[in-house]
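**Q** If you scroll down you'll find the structure; I have some questions about it.
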Amino acid sequence: MINLLALYVKLVGLVLIGFVLGRKLPSTVPSGVAHFLFWIGVPISIVFFLYKTDLSGQIWIAPEIAYLAIFLGAFLAWLAIKGQAYFTNTMPQQPTQGSLLLAAMVGNTGYLGFPITLAMVGEKYFAWALFYDLLGTLFGAYGLGVVLGASFGNGKHSYKEIAKAIVINPALWSFGFGLLLRQVKIPLVVEFCLDKLAWTSLALSIVLIGMRLSQLKSWSNIPQVGISLGIKMLIVPLVLGCTLPFFGVTGLAAKVIVLQMAMPPAFATLVIAETFNLDRDLAVTALALGAIVLLIMLPVWLWLF
């Protein structure tokens, strides 16, 4: 209970700091912070925590469960869209359908999932969150998510450009470097510096979420967004969370997986929506409302699992 309260104080406090800064500072600052985290901050965090974490056990099953969660979310959202059309005789437009599907599929398992996992479970099981995000969510967002974006929108970006964006992603490269670094013993002073940089980057990533939220103006489409969030943050974690023992995933490892599945929609959903001209307002509303739902549901998942 104390750990959860401390987490809430940190999460809400850092988001509020980011929200205020986002309103006061030039609009270019959040983009600069995002670029720093993308190219330097997050990769350093991955290298350090991968160096420290325990890679024993069935961690390779984490991305497989991530794909199950992504496909289940997409399938249930598709059923919800068809059900809405059947009962109301009105089918949402193609761009809106695309944004609804994305919001139900891909979660913020990096910027939010990493610090929450570390705070609630500790470094020992961080590899489960890391593998879920880098080998699951990343390819789900920029793989299946891009296919959906291209199918439901009318963006002009080629698949070659998207593939290039995945290949040059520094998080993947740092993942490989972190695995190699585990084979050597680094000096204590280097380990200390990496530790401080890693935790500072995670804190800054939460501040960035506050900055992004300060720029979100739309709260429309809440009923439609509520359906996608209900699927993404309630149904999928509950259904798949109950099946984890059948995969041999129990205890704190199961808690990590459930927390990752229960994360709100990722910022990647907004990136894809803007790239392929999907329903941007709906994507924006999903991001903002999802952050609030997370604060409500987090104690529930910790209690259930």
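So you can find residues: chains in the structure tokens are A, B, ... in the order shown, residues in each start at 1, and ligands are numbered from 1 in order.
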What's around stretch 272-289 of chain A at 10 Å? Count only C-alpha atoms, leave out sequence neighbours fewer than 2 positions away in its own chain, and write the answer as a compact mmCIF listing (two decimals) with N, CA, C and O atoms, in the first residue's frame.
**A**
# COMPACT_ATOMS: atom_id res chain seq x y z
N GLN A 93 -16.97 5.90 -39.80
CA GLN A 93 -16.15 6.07 -40.99
C GLN A 93 -14.83 5.30 -40.85
O GLN A 93 -14.38 5.01 -39.74
N GLN A 94 -14.21 5.00 -41.97
CA GLN A 94 -13.00 4.20 -41.99
C GLN A 94 -11.90 4.76 -41.07
O GLN A 94 -11.30 4.02 -40.29
N PRO A 95 -11.58 6.06 -41.12
CA PRO A 95 -10.55 6.59 -40.23
C PRO A 95 -10.88 6.41 -38.75
O PRO A 95 -9.98 6.14 -37.93
N THR A 96 -12.16 6.54 -38.40
CA THR A 96 -12.58 6.34 -37.01
C THR A 96 -12.42 4.88 -36.60
O THR A 96 -11.96 4.58 -35.50
N GLN A 97 -12.77 3.98 -37.50
CA GLN A 97 -12.59 2.55 -37.21
C GLN A 97 -11.11 2.24 -36.95
O GLN A 97 -10.78 1.50 -36.03
N GLY A 98 -10.25 2.81 -37.76
CA GLY A 98 -8.82 2.57 -37.59
C GLY A 98 -8.32 3.03 -36.24
O GLY A 98 -7.56 2.32 -35.56
N SER A 99 -8.74 4.23 -35.82
CA SER A 99 -8.30 4.75 -34.52
C SER A 99 -8.86 3.93 -33.36
O SER A 99 -8.18 3.72 -32.35
N LEU A 100 -10.11 3.45 -33.50
CA LEU A 100 -10.71 2.61 -32.46
C LEU A 100 -9.94 1.31 -32.31
O LEU A 100 -9.68 0.84 -31.19
N LEU A 102 -6.74 0.75 -33.14
CA LEU A 102 -5.41 1.02 -32.58
C LEU A 102 -5.47 1.26 -31.07
O LEU A 102 -4.61 0.78 -30.32
N ALA A 103 -6.47 2.01 -30.62
CA ALA A 103 -6.59 2.32 -29.19
C ALA A 103 -6.82 1.08 -28.35
O ALA A 103 -6.47 1.04 -27.17
N ALA A 104 -7.43 0.04 -28.96
CA ALA A 104 -7.70 -1.20 -28.24
C ALA A 104 -6.54 -2.17 -28.30
O ALA A 104 -6.55 -3.20 -27.60
N GLY A 107 -0.44 -0.62 -26.15
CA GLY A 107 -0.38 0.12 -24.91
C GLY A 107 0.95 0.85 -24.73
O GLY A 107 1.94 0.58 -25.41
N ASN A 108 0.95 1.78 -23.79
CA ASN A 108 2.15 2.56 -23.47
C ASN A 108 3.02 1.73 -22.51
O ASN A 108 3.17 2.05 -21.33
N ALA A 141 2.84 -2.23 -32.83
CA ALA A 141 2.47 -0.87 -33.22
C ALA A 141 2.91 -0.54 -34.64
O ALA A 141 2.11 -0.08 -35.46
N TYR A 142 4.19 -0.80 -34.91
CA TYR A 142 4.74 -0.40 -36.21
C TYR A 142 4.72 -1.53 -37.23
O TYR A 142 5.29 -1.40 -38.31
N GLY A 145 -0.06 -2.30 -36.57
CA GLY A 145 -0.65 -0.97 -36.48
C GLY A 145 -0.52 -0.18 -37.77
O GLY A 145 -1.45 0.51 -38.20
N VAL A 146 0.64 -0.29 -38.40
CA VAL A 146 0.87 0.40 -39.67
C VAL A 146 0.01 -0.19 -40.78
O VAL A 146 -0.54 0.54 -41.62
N VAL A 147 -0.13 -1.51 -40.78
CA VAL A 147 -1.00 -2.15 -41.78
C VAL A 147 -2.43 -1.65 -41.64
O VAL A 147 -3.10 -1.33 -42.63
N LEU A 148 -2.92 -1.56 -40.41
CA LEU A 148 -4.26 -1.05 -40.18
C LEU A 148 -4.36 0.42 -40.59
O LEU A 148 -5.36 0.84 -41.19
N GLY A 149 -3.33 1.20 -40.23
CA GLY A 149 -3.34 2.61 -40.61
C GLY A 149 -3.42 2.79 -42.11
O GLY A 149 -4.18 3.63 -42.61
N ALA A 150 -2.65 2.00 -42.83
CA ALA A 150 -2.67 2.08 -44.29
C ALA A 150 -4.00 1.61 -44.86
O ALA A 150 -4.47 2.11 -45.89
N SER A 151 -4.64 0.65 -44.19
CA SER A 151 -5.90 0.09 -44.68
C SER A 151 -7.08 1.02 -44.43
O SER A 151 -7.98 1.12 -45.27
N PHE A 152 -7.08 1.69 -43.28
CA PHE A 152 -8.23 2.51 -42.91
C PHE A 152 -8.02 4.00 -43.17
O PHE A 152 -8.96 4.78 -43.07
N GLY A 153 -6.80 4.40 -43.46
CA GLY A 153 -6.53 5.82 -43.73
C GLY A 153 -6.10 6.04 -45.15
O GLY A 153 -6.25 5.19 -46.02
N ASN A 154 -5.54 7.21 -45.37
CA ASN A 154 -5.07 7.53 -46.72
C ASN A 154 -3.73 8.26 -46.66
O ASN A 154 -3.51 9.23 -47.36
N GLY A 155 -2.85 7.74 -45.77
CA GLY A 155 -1.52 8.34 -45.66
C GLY A 155 -0.67 8.02 -46.87
O GLY A 155 -0.95 7.11 -47.65
N LYS A 156 0.41 8.76 -47.03
CA LYS A 156 1.26 8.61 -48.21
C LYS A 156 2.59 7.93 -47.91
O LYS A 156 3.42 7.81 -48.78
N HIS A 157 2.79 7.50 -46.67
CA HIS A 157 4.08 6.92 -46.30
C HIS A 157 4.16 5.48 -46.77
O HIS A 157 3.21 4.72 -46.66
N ILE A 209 4.98 12.91 -20.72
CA ILE A 209 3.56 12.58 -20.85
C ILE A 209 2.70 13.76 -20.42
O ILE A 209 1.70 14.10 -21.06
N GLY A 210 3.08 14.41 -19.31
CA GLY A 210 2.36 15.60 -18.87
C GLY A 210 2.43 16.72 -19.90
O GLY A 210 1.44 17.42 -20.15
N ARG A 212 2.78 16.37 -23.16
CA ARG A 212 1.92 15.98 -24.27
C ARG A 212 0.44 16.17 -23.93
O ARG A 212 -0.35 16.64 -24.75
N LEU A 213 0.08 15.81 -22.70
CA LEU A 213 -1.32 15.98 -22.28
C LEU A 213 -1.72 17.44 -22.26
O LEU A 213 -2.88 17.78 -22.54
N SER A 214 -0.77 18.32 -21.94
CA SER A 214 -1.10 19.76 -21.91
C SER A 214 -1.42 20.29 -23.30
O SER A 214 -2.05 21.34 -23.43
N GLN A 215 -1.00 19.58 -24.33
CA GLN A 215 -1.24 20.02 -25.70
C GLN A 215 -2.48 19.38 -26.31
O GLN A 215 -2.85 19.70 -27.43
N LEU A 216 -3.10 18.44 -25.55
CA LEU A 216 -4.29 17.78 -26.07
C LEU A 216 -5.52 18.64 -25.80
O LEU A 216 -5.81 18.97 -24.67
N LYS A 217 -6.23 18.97 -26.84
CA LYS A 217 -7.37 19.88 -26.71
C LYS A 217 -8.72 19.16 -26.79
O LYS A 217 -9.74 19.71 -26.42
N SER A 218 -8.73 17.94 -27.32
CA SER A 218 -10.00 17.28 -27.63
C SER A 218 -10.38 16.25 -26.57
O SER A 218 -9.58 15.40 -26.19
N TRP A 219 -11.63 16.35 -26.09
CA TRP A 219 -12.21 15.34 -25.21
C TRP A 219 -13.50 14.80 -25.83
O TRP A 219 -14.39 14.32 -25.12
N SER A 220 -13.60 14.89 -27.13
CA SER A 220 -14.79 14.41 -27.83
C SER A 220 -14.71 12.89 -27.98
O SER A 220 -13.70 12.26 -27.67
N ASN A 221 -15.78 12.33 -28.48
CA ASN A 221 -15.85 10.89 -28.78
C ASN A 221 -15.63 10.00 -27.55
O ASN A 221 -15.17 8.86 -27.68
N ILE A 222 -15.98 10.52 -26.36
CA ILE A 222 -15.74 9.74 -25.15
C ILE A 222 -16.49 8.40 -25.15
O ILE A 222 -15.91 7.38 -24.76
N GLN A 224 -17.26 6.38 -27.67
CA GLN A 224 -16.55 5.45 -28.54
C GLN A 224 -15.20 5.08 -27.94
O GLN A 224 -14.78 3.92 -27.96
N VAL A 225 -14.51 6.07 -27.39
CA VAL A 225 -13.22 5.81 -26.76
C VAL A 225 -13.38 4.88 -25.57
O VAL A 225 -12.55 4.01 -25.33
N GLY A 226 -14.48 5.06 -24.84
CA GLY A 226 -14.72 4.21 -23.67
C GLY A 226 -14.78 2.74 -24.03
O GLY A 226 -14.32 1.88 -23.26
N SER A 228 -13.16 1.24 -26.59
CA SER A 228 -11.79 0.79 -26.86
C SER A 228 -10.99 0.65 -25.58
O SER A 228 -10.24 -0.31 -25.39
N LEU A 229 -11.13 1.62 -24.67
CA LEU A 229 -10.39 1.55 -23.40
C LEU A 229 -10.87 0.39 -22.54
O LEU A 229 -10.08 -0.25 -21.84
N PRO A 264 -2.49 2.18 -20.74
CA PRO A 264 -3.36 2.93 -21.66
C PRO A 264 -2.76 2.98 -23.06
O PRO A 264 -1.60 2.59 -23.26
N PRO A 265 -3.53 3.44 -24.05
CA PRO A 265 -3.02 3.49 -25.43
C PRO A 265 -1.69 4.24 -25.52
O PRO A 265 -1.46 5.23 -24.83
N ALA A 266 -0.83 3.76 -26.39
CA ALA A 266 0.51 4.33 -26.57
C ALA A 266 0.46 5.58 -27.43
O ALA A 266 -0.47 5.77 -28.23
N PHE A 267 1.47 6.43 -27.30
CA PHE A 267 1.58 7.60 -28.16
C PHE A 267 1.78 7.18 -29.62
O PHE A 267 1.51 7.95 -30.54
N ALA A 268 2.24 5.95 -29.83
CA ALA A 268 2.39 5.44 -31.20
C ALA A 268 1.05 5.44 -31.94
O ALA A 268 1.01 5.61 -33.16
N THR A 269 -0.05 5.27 -31.20
CA THR A 269 -1.36 5.29 -31.86
C THR A 269 -1.65 6.66 -32.47
O THR A 269 -2.25 6.76 -33.54
N LEU A 270 -1.22 7.72 -31.78
CA LEU A 270 -1.41 9.07 -32.31
C LEU A 270 -0.49 9.32 -33.50
O LEU A 270 -0.88 9.94 -34.48
N ALA A 291 -5.02 7.72 -19.51
CA ALA A 291 -4.14 8.05 -18.38
C ALA A 291 -4.94 8.12 -17.08
O ALA A 291 -4.45 7.71 -16.01
N ILE A 292 -6.17 8.62 -17.16
CA ILE A 292 -7.02 8.71 -15.97
C ILE A 292 -7.50 7.33 -15.54
O ILE A 292 -7.49 6.99 -14.35
N VAL A 293 -7.90 6.51 -16.52
CA VAL A 293 -8.35 5.15 -16.22
C VAL A 293 -7.25 4.34 -15.55
O VAL A 293 -7.50 3.54 -14.65
N LEU A 294 -6.01 4.56 -15.97
CA LEU A 294 -4.89 3.82 -15.37
C LEU A 294 -4.80 4.07 -13.87
O LEU A 294 -4.59 3.13 -13.09
**Q** Find the residues around A:Ile65 up to 10 Å (only C-alpha atoms counted), leave out those fewer than 4 positions away in its own chain, and share them as a ChimeraX atom specification.
**A** /A:60-61,69-71,132,136,240-241,244,247,257-258,261
**Q** Extract, using only C-alpha atoms, all DNA, RNA and protein residues at most 7 Å from A:Thr109, discarding same-chain residues fewer than 4 positions from it, and format them as a PDB file with C-alpha atoms, in the first residue's frame.
**A**
ATOM      1  CA  GLY A 113       5.072   0.447 -18.249  1.00  0.00           C
ATOM      2  CA  PHE A 114       8.770   0.577 -17.366  1.00  0.00           C
ATOM      3  CA  ASP A 133       7.612  -3.902 -24.947  1.00  0.00           C
ATOM      4  CA  GLN A 260       1.858  -4.231 -19.248  1.00  0.00           C
ATOM      5  CA  MET A 263      -1.373   0.164 -19.889  1.00  0.00           C
TER       6      MET A 263
END
**Q** Near stretch 26-42 of chain A, within 12 Å and counting only C-alpha atoms, which residues show up once chain neighbours fewer than 3 positions away are dropped, as a JSON list (two decimals) with N, CA, C and O atoms, in the first residue's frame?
**A**
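Final output, selection-v3.json:
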[["chain", "number", "residue", "atom", "x", "y", "z"],
["A", 18, "GLY", "N", 5.04, 18.18, -15.77],
["A", 18, "GLY", "CA", 5.08, 18.21, -17.22],
["A", 18, "GLY", "C", 3.95, 19.01, -17.82],
["A", 18, "GLY", "O", 4.12, 19.75, -18.80],
["A", 19, "PHE", "N", 2.76, 18.89, -17.22],
["A", 19, "PHE", "CA", 1.59, 19.62, -17.72],
["A", 19, "PHE", "C", 1.80, 21.13, -17.62],
["A", 19, "PHE", "O", 1.51, 21.87, -18.56],
["A", 20, "VAL", "N", 2.32, 21.56, -16.47],
["A", 20, "VAL", "CA", 2.58, 22.99, -16.27],
["A", 20, "VAL", "C", 3.67, 23.47, -17.23],
["A", 20, "VAL", "O", 3.55, 24.52, -17.86],
["A", 21, "LEU", "N", 4.75, 22.69, -17.32],
["A", 21, "LEU", "CA", 5.85, 23.07, -18.22],
["A", 21, "LEU", "C", 5.38, 23.12, -19.67],
["A", 21, "LEU", "O", 5.79, 23.99, -20.44],
["A", 22, "GLY", "N", 4.50, 22.19, -20.01],
["A", 22, "GLY", "CA", 3.99, 22.15, -21.38],
["A", 22, "GLY", "C", 3.18, 23.38, -21.73],
["A", 22, "GLY", "O", 3.16, 23.80, -22.90],
["A", 23, "ARG", "N", 2.52, 23.96, -20.74],
["A", 23, "ARG", "CA", 1.75, 25.19, -20.96],
["A", 23, "ARG", "C", 2.62, 26.43, -20.97],
["A", 23, "ARG", "O", 2.28, 27.43, -21.61],
["A", 45, "SER", "N", 18.53, 3.67, -20.37],
["A", 45, "SER", "CA", 17.74, 2.96, -19.37],
["A", 45, "SER", "C", 17.66, 1.47, -19.69],
["A", 45, "SER", "O", 17.81, 0.61, -18.80],
["A", 46, "ILE", "N", 17.43, 1.15, -20.96],
["A", 46, "ILE", "CA", 17.33, -0.25, -21.37],
["A", 46, "ILE", "C", 18.65, -0.97, -21.12],
["A", 46, "ILE", "O", 18.68, -2.09, -20.59],
["A", 47, "VAL", "N", 19.76, -0.35, -21.51],
["A", 47, "VAL", "CA", 21.07, -0.96, -21.32],
["A", 47, "VAL", "C", 21.33, -1.24, -19.84],
["A", 47, "VAL", "O", 21.75, -2.35, -19.46],
["A", 48, "PHE", "N", 21.08, -0.25, -18.99],
["A", 48, "PHE", "CA", 21.38, -0.42, -17.57],
["A", 48, "PHE", "C", 20.49, -1.46, -16.91],
["A", 48, "PHE", "O", 20.99, -2.36, -16.23],
["A", 49, "PHE", "N", 19.17, -1.35, -17.11],
["A", 49, "PHE", "CA", 18.27, -2.29, -16.44],
["A", 49, "PHE", "C", 18.41, -3.71, -16.99],
["A", 49, "PHE", "O", 18.21, -4.68, -16.25],
["A", 50, "LEU", "N", 18.75, -3.82, -18.27],
["A", 50, "LEU", "CA", 19.00, -5.14, -18.83],
["A", 50, "LEU", "C", 20.28, -5.73, -18.25],
["A", 50, "LEU", "O", 20.38, -6.94, -18.03],
["A", 110, "GLY", "N", 6.22, 1.26, -22.61],
["A", 110, "GLY", "CA", 7.57, 1.76, -22.41],
["A", 110, "GLY", "C", 7.61, 2.91, -21.43],
["A", 110, "GLY", "O", 8.02, 2.77, -20.28],
["A", 111, "TYR", "N", 7.17, 4.09, -21.86],
["A", 111, "TYR", "CA", 7.24, 5.28, -21.03],
["A", 111, "TYR", "C", 6.49, 5.13, -19.71],
["A", 111, "TYR", "O", 6.91, 5.66, -18.69],
["A", 112, "LEU", "N", 5.36, 4.41, -19.71],
["A", 112, "LEU", "CA", 4.61, 4.20, -18.48],
["A", 112, "LEU", "C", 4.87, 2.82, -17.88],
["A", 112, "LEU", "O", 5.01, 2.67, -16.68],
["A", 114, "PHE", "N", 7.47, 0.78, -18.01],
["A", 114, "PHE", "CA", 8.77, 0.58, -17.37],
["A", 114, "PHE", "C", 8.81, 1.13, -15.94],
["A", 114, "PHE", "O", 9.14, 0.40, -15.00],
["A", 115, "PRO", "N", 8.51, 2.43, -15.73],
["A", 115, "PRO", "CA", 8.60, 2.94, -14.36],
["A", 115, "PRO", "C", 7.61, 2.30, -13.40],
["A", 115, "PRO", "O", 7.93, 2.10, -12.22],
["A", 130, "LEU", "N", 10.49, -5.50, -20.33],
["A", 130, "LEU", "CA", 11.34, -5.09, -21.45],
["A", 130, "LEU", "C", 11.05, -5.94, -22.69],
["A", 130, "LEU", "O", 10.88, -5.42, -23.79],
["A", 134, "LEU", "N", 9.67, -4.34, -26.19],
["A", 134, "LEU", "CA", 10.54, -4.25, -27.36],
["A", 134, "LEU", "C", 10.28, -5.33, -28.39],
["A", 134, "LEU", "O", 10.40, -5.08, -29.59],
["A", 168, "ILE", "N", 16.10, 1.36, -37.48],
["A", 168, "ILE", "CA", 17.00, 2.33, -36.86],
["A", 168, "ILE", "C", 16.57, 2.70, -35.44],
["A", 168, "ILE", "O", 17.22, 3.53, -34.81],
["A", 169, "ASN", "N", 15.51, 2.08, -34.94],
["A", 169, "ASN", "CA", 15.04, 2.38, -33.59],
["A", 169, "ASN", "C", 16.15, 2.09, -32.58],
["A", 169, "ASN", "O", 16.57, 0.94, -32.42],
["A", 170, "PRO", "N", 16.65, 3.10, -31.86],
["A", 170, "PRO", "CA", 17.77, 2.89, -30.93],
["A", 170, "PRO", "C", 17.43, 1.97, -29.77],
["A", 170, "PRO", "O", 18.33, 1.39, -29.16],
["A", 171, "ALA", "N", 16.14, 1.85, -29.44],
["A", 171, "ALA", "CA", 15.77, 0.95, -28.35],
["A", 171, "ALA", "C", 16.13, -0.49, -28.68],
["A", 171, "ALA", "O", 16.60, -1.24, -27.81],
["A", 172, "LEU", "N", 15.94, -0.89, -29.93],
["A", 172, "LEU", "CA", 16.29, -2.25, -30.32],
["A", 172, "LEU", "C", 17.80, -2.45, -30.29],
["A", 172, "LEU", "O", 18.30, -3.49, -29.84],
["A", 173, "TRP", "N", 18.55, -1.47, -30.76],
["A", 173, "TRP", "CA", 20.00, -1.57, -30.74],
["A", 173, "TRP", "C", 20.53, -1.60, -29.31],
["A", 173, "TRP", "O", 21.47, -2.34, -28.99],
["A", 174, "SER", "N", 19.95, -0.80, -28.44],
["A", 174, "SER", "CA", 20.39, -0.79, -27.04],
["A", 174, "SER", "C", 20.04, -2.11, -26.36],
["A", 174, "SER", "O", 20.75, -2.56, -25.44],
["A", 175, "PHE", "N", 18.96, -2.74, -26.80],
["A", 175, "PHE", "CA", 18.59, -4.06, -26.29],
["A", 175, "PHE", "C", 19.72, -5.06, -26.58],
["A", 175, "PHE", "O", 20.15, -5.81, -25.69],
["A", 194, "LEU", "N", 25.33, 5.24, -14.91],
["A", 194, "LEU", "CA", 24.26, 4.66, -15.71],
["A", 194, "LEU", "C", 22.96, 4.57, -14.91],
["A", 194, "LEU", "O", 21.87, 4.81, -15.43],
["A", 195, "ASP", "N", 23.11, 4.22, -13.62],
["A", 195, "ASP", "CA", 21.94, 4.12, -12.74],
["A", 195, "ASP", "C", 21.22, 5.46, -12.64],
["A", 195, "ASP", "O", 19.99, 5.54, -12.78],
["A", 196, "LYS", "N", 21.97, 6.54, -12.41],
["A", 196, "LYS", "CA", 21.36, 7.86, -12.27],
["A", 196, "LYS", "C", 20.75, 8.34, -13.58],
["A", 196, "LYS", "O", 19.65, 8.91, -13.61],
["A", 197, "LEU", "N", 21.43, 8.08, -14.69],
["A", 197, "LEU", "CA", 20.91, 8.48, -16.00],
["A", 197, "LEU", "C", 19.64, 7.70, -16.34],
["A", 197, "LEU", "O", 18.68, 8.26, -16.89],
["A", 198, "ALA", "N", 19.62, 6.42, -16.00],
["A", 198, "ALA", "CA", 18.47, 5.58, -16.31],
["A", 198, "ALA", "C", 17.23, 6.05, -15.56],
["A", 198, "ALA", "O", 16.15, 6.21, -16.14],
["A", 199, "TRP", "N", 17.37, 6.27, -14.26],
["A", 199, "TRP", "CA", 16.21, 6.70, -13.46],
["A", 199, "TRP", "C", 15.78, 8.12, -13.82],
["A", 199, "TRP", "O", 14.59, 8.43, -13.81],
["A", 200, "THR", "N", 16.75, 8.98, -14.14],
["A", 200, "THR", "CA", 16.40, 10.34, -14.57],
["A", 200, "THR", "C", 15.61, 10.31, -15.87],
["A", 200, "THR", "O", 14.63, 11.05, -16.06],
["A", 201, "SER", "N", 16.00, 9.41, -16.78],
["A", 201, "SER", "CA", 15.31, 9.30, -18.06],
["A", 201, "SER", "C", 13.88, 8.81, -17.87],
["A", 201, "SER", "O", 12.95, 9.29, -18.54],
["A", 202, "LEU", "N", 13.69, 7.86, -16.96],
["A", 202, "LEU", "CA", 12.33, 7.36, -16.71],
["A", 202, "LEU", "C", 11.46, 8.47, -16.11],
["A", 202, "LEU", "O", 10.28, 8.61, -16.48],
["A", 203, "ALA", "N", 12.01, 9.25, -15.19],
["A", 203, "ALA", "CA", 11.26, 10.36, -14.63],
["A", 203, "ALA", "C", 10.92, 11.38, -15.70],
["A", 203, "ALA", "O", 9.80, 11.91, -15.76],
["A", 204, "LEU", "N", 11.89, 11.67, -16.57],
["A", 204, "LEU", "CA", 11.67, 12.63, -17.64],
["A", 204, "LEU", "C", 10.62, 12.14, -18.63],
["A", 204, "LEU", "O", 9.86, 12.94, -19.19],
["A", 205, "SER", "N", 10.54, 10.82, -18.83],
["A", 205, "SER", "CA", 9.53, 10.28, -19.74],
["A", 205, "SER", "C", 8.12, 10.52, -19.21],
["A", 205, "SER", "O", 7.18, 10.75, -19.97],
["A", 206, "ILE", "N", 7.95, 10.48, -17.88],
["A", 206, "ILE", "CA", 6.65, 10.76, -17.29],
["A", 206, "ILE", "C", 6.33, 12.25, -17.38],
["A", 206, "ILE", "O", 5.19, 12.65, -17.63],
["A", 207, "VAL", "N", 7.35, 13.08, -17.18],
["A", 207, "VAL", "CA", 7.16, 14.52, -17.36],
["A", 207, "VAL", "C", 6.72, 14.80, -18.80],
["A", 207, "VAL", "O", 5.85, 15.65, -19.05],
["A", 208, "LEU", "N", 7.31, 14.09, -19.75],
["A", 208, "LEU", "CA", 6.94, 14.28, -21.15],
["A", 208, "LEU", "C", 5.48, 13.94, -21.40],
["A", 208, "LEU", "O", 4.81, 14.62, -22.19],
["A", 209, "ILE", "N", 4.98, 12.91, -20.72],
["A", 209, "ILE", "CA", 3.56, 12.58, -20.85],
["A", 209, "ILE", "C", 2.70, 13.76, -20.42],
["A", 209, "ILE", "O", 1.70, 14.10, -21.06],
["A", 210, "GLY", "N", 3.08, 14.41, -19.31],
["A", 210, "GLY", "CA", 2.36, 15.60, -18.87],
["A", 210, "GLY", "C", 2.43, 16.72, -19.90],
["A", 210, "GLY", "O", 1.44, 17.42, -20.15],
["A", 211, "MET", "N", 3.60, 16.90, -20.52],
["A", 211, "MET", "CA", 3.74, 17.92, -21.57],
["A", 211, "MET", "C", 2.82, 17.63, -22.75],
["A", 211, "MET", "O", 2.16, 18.53, -23.28],
["A", 212, "ARG", "N", 2.78, 16.37, -23.16],
["A", 212, "ARG", "CA", 1.92, 15.98, -24.27],
["A", 212, "ARG", "C", 0.44, 16.17, -23.93],
["A", 212, "ARG", "O", -0.35, 16.64, -24.75],
["A", 213, "LEU", "N", 0.08, 15.81, -22.70],
["A", 213, "LEU", "CA", -1.32, 15.98, -22.28],
["A", 213, "LEU", "C", -1.72, 17.44, -22.26],
["A", 213, "LEU", "O", -2.88, 17.78, -22.54],
["A", 214, "SER", "N", -0.77, 18.32, -21.94],
["A", 214, "SER", "CA", -1.10, 19.76, -21.91],
["A", 214, "SER", "C", -1.42, 20.29, -23.30],
["A", 214, "SER", "O", -2.05, 21.34, -23.43],
["A", 215, "GLN", "N", -1.00, 19.58, -24.33],
["A", 215, "GLN", "CA", -1.24, 20.02, -25.70],
["A", 215, "GLN", "C", -2.48, 19.38, -26.31],
["A", 215, "GLN", "O", -2.85, 19.70, -27.43],
["A", 267, "PHE", "N", 1.47, 6.43, -27.30],
["A", 267, "PHE", "CA", 1.58, 7.60, -28.16],
["A", 267, "PHE", "C", 1.78, 7.18, -29.62],
["A", 267, "PHE", "O", 1.51, 7.95, -30.54]]
**Q** Which is closest to A:Val106 among A:Pro43, A:Leu295, A:Thr90, A:Thr137, if we use only C-alpha atoms?
**A**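 Of A:Pro43, A:Leu295, A:Thr90, A:Thr137, the one nearest A:Val106 is A:Thr137, counting only C-alpha atoms.
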**Q** Skipping near chain neighbours, those fewer than 5 positions away, what residues fall within 9 Å of A:Ile81 using only C-alpha atoms, listed as a PDB file with C-alpha atoms, in the first residue's frame?
**A**
ATOM      1  CA  LEU A  76     -12.869  -7.411 -29.780  1.00  0.00           C
ATOM      2  CA  TYR A  86     -25.874  -3.583 -36.336  1.00  0.00           C
ATOM      3  CA  MET A  91     -21.103   2.379 -39.405  1.00  0.00           C
ATOM      4  CA  PRO A  92     -18.239   4.626 -38.214  1.00  0.00           C
ATOM      5  CA  GLN A  97     -12.589   2.554 -37.212  1.00  0.00           C
ATOM      6  CA  LEU A 100     -10.708   2.615 -32.463  1.00  0.00           C
ATOM      7  CA  LEU A 101      -8.792  -0.533 -33.392  1.00  0.00           C
TER       8      LEU A 101
END
**Q** Go through A:Leu5, A:Ala253, A:Leu118, A:Leu234 and flag the residue nearest A:Met297, using only C-alpha atoms for the distances.
**A**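 For A:Met297, the nearest of the candidates is A:Leu234.
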**Q** Separation of atom CA of A:Val256 and atom CA of A:Phe305, in Å?
**A**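 Between these atoms lies a distance of 9.4 Å.
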**Q** In Å, rounded to a single decimal, give me how far atom CA of A:Gly290 is from atom CA of A:Met233.
**A**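 Between atom CA of A:Met233 and atom CA of A:Gly290 the gap works out to 8.2 Å.
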**Q** If you measure from atom CA of A:Tyr125 to atom CA of A:Pro245, what distance in Å do you get, rounded to one decimal?
**A**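 Here the two named atoms are 16.7 Å from each other.
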